[in-house]
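Have a look at the structure below, then the notes.
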Amino acid sequence: MAKSAKPTLAVWKFSSCDGCQLSLLDLEDELLALTDRIEIAQFLEASSAIVEGPYDVSLVEGSITTPHDAERIREVRARSRALITIGACATAGGIQALRNFADVEEFTRLVYASPDYISTLATSTPISAHVQVDFELNGCPINNQQLLEVINAYLNARRPRVRSHSVCMECKRRGTVCVMVAHGTPCLGPVTHAGCGAICPAYNRGCYGCYGPKESPNPGSLSEWTGLEDRDLVRIYRTFYASAESFREASEAHET
Amino acid sequence: MSETPAGRTRTIRTDYLARVEGEGAMYVEIEGDHVRDVKLRIYEPPRFFEALLRGRAFTEAPDITSRICGICPIAYQMSAVRAMEDACGVAIDSGPIRELRRLIYCGEWIESHSLHVYLLHAPDFLGYPGFVEMARDHPQIAEQGLQMKKAGNLVMTLVGGREIHPVNVRVGGFYRAPRRRELGSLTEPLERARETALATVSWAAQLPFPDVTREPELVALKDPAGYPIDLGRIVSDHGLDITAADFETHVVEEHVEHSNALHARIRERGSYLTGPLARYNLAFEHLGPLAQDAARSAGLGAICRNPFQSIIVRAVELVQVCDEALAIIARYEAPDEPAVEVSPRRACGHGVTEAPRGMLYHRYEIDEDGTILAATIVPPTSQNQLVIEEDLRAFVQDHVDLSDEQLRLRCEQAIRNHDPCISCATHFLDLTVQRN
């Protein structure tokens, strides 16, 4: 394929559900305009055409769970000018990082009849544990308008405008009545990174932390407020961002 | 290239299959004129969902299992809630909560089928590596595909809170039921999507199809009142007629060395196919008049046995679910309560629903306080994997005179006929053809 003058974007997948990549294809109104401005050089979910790197921007979805993937991410880094992780798996290890709290050999025996056929690491780790990452976009799944902002920012050599405050701020802006204050519904909003638009409280449920910890959270204080039992506190911190430092510590504080 | 003297081996392989969800490879080995080996290899790393569900609350299963697949999260949520409600002795088979469940499921089918028909499968028929390349030459086709896809996402977002991993589905129903007026905003985009779906049937019908007939056992849900989506008994064209609770009595999963996905087969007979072709052949009479007429005008009878024509069948299903979503919205009255109370008890529950690409089975054992003791999940691609390999073997055997490159492209297309979702299957794709 002829060398293009347009900046190049590559999308890479590691251990994940494909949802964050899909959010790029879910930009139905912007997708074709976006591809006028940039060359999608590698995006297997969408095309078998592959343009050789190096790439201006690499979007990485998924966590590192196999020896082969630990090698592959180094190659991706070497071929990328900017490397951006998209989603909870790439940024914090994802739901599959629950194995970090368990015996992965036992997990393999439980799910697969012939565990010898399976090659896996004992842990699920974020991309930043293996290579330098230029920007981390949170969410399970990511918000595709934020993704568009991040791509725009990198193509124009500026910092992305992605706020790191809590979901509470988004609730206030949206005018949603606080589900914890008004209804006593346990909510991780005060410690959770903004970006989703505070969907759960608007649907009468507490935030379940799928955008990970906000900057400088205080989960210890929130835990007391919720009135939940230890077992339930361990569970709510230990889901999609189980291995993020502050959520991990908060869950371990209530382990009996 | 197509000259293959007897006794020589040639291999055709695709190490990284594109335009499928997740990571997989294919390998075909041909000796002389004889296909010796066909493997669909799933190397998506295992994520151990069944193991990590143990010890979690029964109410957490819909949110956790939706993360198995970003393409069909509603399917995971719906099979999970039905299994949990089954365990707890609750059945939501009618009324406004069931209607809302069917509505959000219609939204997922519209999104997923539009994605597959236009973005993933159409480039095979029109000769492009991908959608973006196709869109340069066929902007109008690309745009109509995106707009129909968007209509599905609008349904998911309104009812579910967001299009990927919706937040509003819970055991017993929903956290918040939309008001009748809110659903009204979906009518206009769904009416346009229904027109696009009808145009898609006509467009898909004139695509070039290889003359292929495959006759695997077909398995789908049977909903006495409608097209199989969210509930029903499990039936086949070979006499299977069972409840979800008997699934594991009749279906066995095997672990093979070349794949991280388990292969499912019917204990008594072997491989079987689930998904659009199975549903269409088994439940044609349950399609609405609009979808039936669209199928007939596209030249499809009540039976379609050519997997390459699955693109037309998906378009017919798009007509069906757009039409059905509009009907649900037109008659919707919000429930008094968004959910019914579901109290845990020590029990085992089963749930099966129709993901866009086929049947999805969940089974849970829970304790009296609702703690999950054991979980089994059988996704559609595990069930279809043997049939996909059989389709590949038959296609290659009938077309050994094609060049390696032509064969590779056709094999990839044959795999995409079944819209495999590899992320789901791990618990799938890369093609290698070896010619001896």
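Going by the structure tokens order, chains are called A, B, ..., each with residues numbered from 1, while ligands are numbered from 1 in the order shown.
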Inset, instruction - Please identify every residue of chain A that has at least one atom no more than 6 Å from any atom of chain B, counting only C-alpha atoms, and report them as a PyMOL selection string. - result: chain A and resi 15+17-19+28+44-49+96+107+117+203-204
Inset, instruction - Using only C-alpha atoms, determine which residues lie at most 10 Å from Ile329 (chain B), disregarding the query and same-chain residues fewer than 2 positions distant; provide the list as a ChimeraX atom specification. - result: /B:99-100,103,180-187,324-327,331-333
Can those selected residues be exported to a file as a PDB file, in the first residue's frame so that it contains C-alpha atoms?
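Written output follows (out_24.pdb):
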ATOM      1  CA  GLU B  99     -41.360  -6.629  27.048  1.00  0.00           C
ATOM      2  CA  LEU B 100     -38.548  -4.285  28.074  1.00  0.00           C
ATOM      3  CA  LEU B 103     -36.872  -4.525  23.508  1.00  0.00           C
ATOM      4  CA  ARG B 180     -43.747   5.565  27.830  1.00  0.00           C
ATOM      5  CA  ARG B 181     -42.883   9.051  26.546  1.00  0.00           C
ATOM      6  CA  GLU B 182     -39.140   8.357  26.709  1.00  0.00           C
ATOM      7  CA  LEU B 183     -39.477   5.297  24.464  1.00  0.00           C
ATOM      8  CA  GLY B 184     -41.336   7.470  21.953  1.00  0.00           C
ATOM      9  CA  SER B 185     -38.002   9.070  20.976  1.00  0.00           C
ATOM     10  CA  LEU B 186     -36.954   5.697  19.501  1.00  0.00           C
ATOM     11  CA  THR B 187     -39.854   5.434  17.060  1.00  0.00           C
ATOM     12  CA  GLU B 324     -40.850  -5.992  16.825  1.00  0.00           C
ATOM     13  CA  ALA B 325     -39.099  -3.172  18.713  1.00  0.00           C
ATOM     14  CA  LEU B 326     -41.574  -0.702  17.179  1.00  0.00           C
ATOM     15  CA  ALA B 327     -44.515  -2.915  18.185  1.00  0.00           C
ATOM     16  CA  ARG B 331     -48.044  -0.950  23.185  1.00  0.00           C
ATOM     17  CA  TYR B 332     -45.697  -0.252  26.127  1.00  0.00           C
ATOM     18  CA  GLU B 333     -47.089   0.683  29.493  1.00  0.00           C
TER      19      GLU B 333
END
Legend entry - 8 Å contact set for His113 (chain B), only C-alpha atoms, chain neighbours under 2 positions out, as a ChimeraX atom specification: /B:109-111,115-117,149,314-315,318,356
Skipping near chain neighbours, those fewer than 4 positions away, what residues fall within 8 Å of region 77-82 of chain A using only C-alpha atoms, listed as a PDB file with N, CA and C atoms, in the first residue's frame?
ATOM      1  N   GLY A  53       4.298  -0.346  10.493  1.00  0.00           N
ATOM      2  CA  GLY A  53       4.589   0.796  11.335  1.00  0.00           C
ATOM      3  C   GLY A  53       5.852   1.480  10.882  1.00  0.00           C
ATOM      4  N   PRO A  54       6.365   2.454  11.661  1.00  0.00           N
ATOM      5  CA  PRO A  54       5.805   2.829  12.953  1.00  0.00           C
ATOM      6  C   PRO A  54       4.486   3.607  12.820  1.00  0.00           C
ATOM      7  N   TYR A  55       3.745   3.637  13.928  1.00  0.00           N
ATOM      8  CA  TYR A  55       2.439   4.281  13.937  1.00  0.00           C
ATOM      9  C   TYR A  55       2.501   5.551  14.776  1.00  0.00           C
ATOM     10  N   ASP A  56       1.731   6.569  14.382  1.00  0.00           N
ATOM     11  CA  ASP A  56       1.713   7.800  15.168  1.00  0.00           C
ATOM     12  C   ASP A  56       1.046   7.558  16.512  1.00  0.00           C
ATOM     13  N   VAL A  57      -0.103   6.864  16.495  1.00  0.00           N
ATOM     14  CA  VAL A  57      -0.815   6.575  17.745  1.00  0.00           C
ATOM     15  C   VAL A  57      -1.221   5.104  17.757  1.00  0.00           C
ATOM     16  N   SER A  58      -0.912   4.432  18.866  1.00  0.00           N
ATOM     17  CA  SER A  58      -1.418   3.079  19.068  1.00  0.00           C
ATOM     18  C   SER A  58      -2.419   3.083  20.202  1.00  0.00           C
ATOM     19  N   ILE A  73       3.630  -6.890  23.547  1.00  0.00           N
ATOM     20  CA  ILE A  73       3.406  -5.479  23.899  1.00  0.00           C
ATOM     21  C   ILE A  73       4.705  -4.673  23.738  1.00  0.00           C
ATOM     22  N   VAL A 131       5.441  -1.748  29.727  1.00  0.00           N
ATOM     23  CA  VAL A 131       6.068  -0.729  28.870  1.00  0.00           C
ATOM     24  C   VAL A 131       5.596   0.651  29.302  1.00  0.00           C
ATOM     25  N   GLN A 132       6.293   1.685  28.827  1.00  0.00           N
ATOM     26  CA  GLN A 132       5.877   3.047  29.115  1.00  0.00           C
ATOM     27  C   GLN A 132       4.590   3.371  28.360  1.00  0.00           C
ATOM     28  N   VAL A 133       3.636   3.961  29.083  1.00  0.00           N
ATOM     29  CA  VAL A 133       2.346   4.321  28.483  1.00  0.00           C
ATOM     30  C   VAL A 133       2.218   5.840  28.472  1.00  0.00           C
ATOM     31  N   ASP A 134       1.776   6.423  27.363  1.00  0.00           N
ATOM     32  CA  ASP A 134       1.696   7.879  27.252  1.00  0.00           C
ATOM     33  C   ASP A 134       0.412   8.442  27.822  1.00  0.00           C
ATOM     34  N   TYR A 154      -3.880  13.834  20.613  1.00  0.00           N
ATOM     35  CA  TYR A 154      -2.573  13.313  20.198  1.00  0.00           C
ATOM     36  C   TYR A 154      -2.232  13.672  18.769  1.00  0.00           C
TER      37      TYR A 154
END
Legend entry - Closest of B:Ile388, B:Val212, B:Val340, B:Val396 to Gly89 (chain B) - atom-to-atom distances counting only C-alpha atoms: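 Nearest candidate to Gly89 (chain B) out of B:Ile388, B:Val212, B:Val340, B:Val396: B:Val340.
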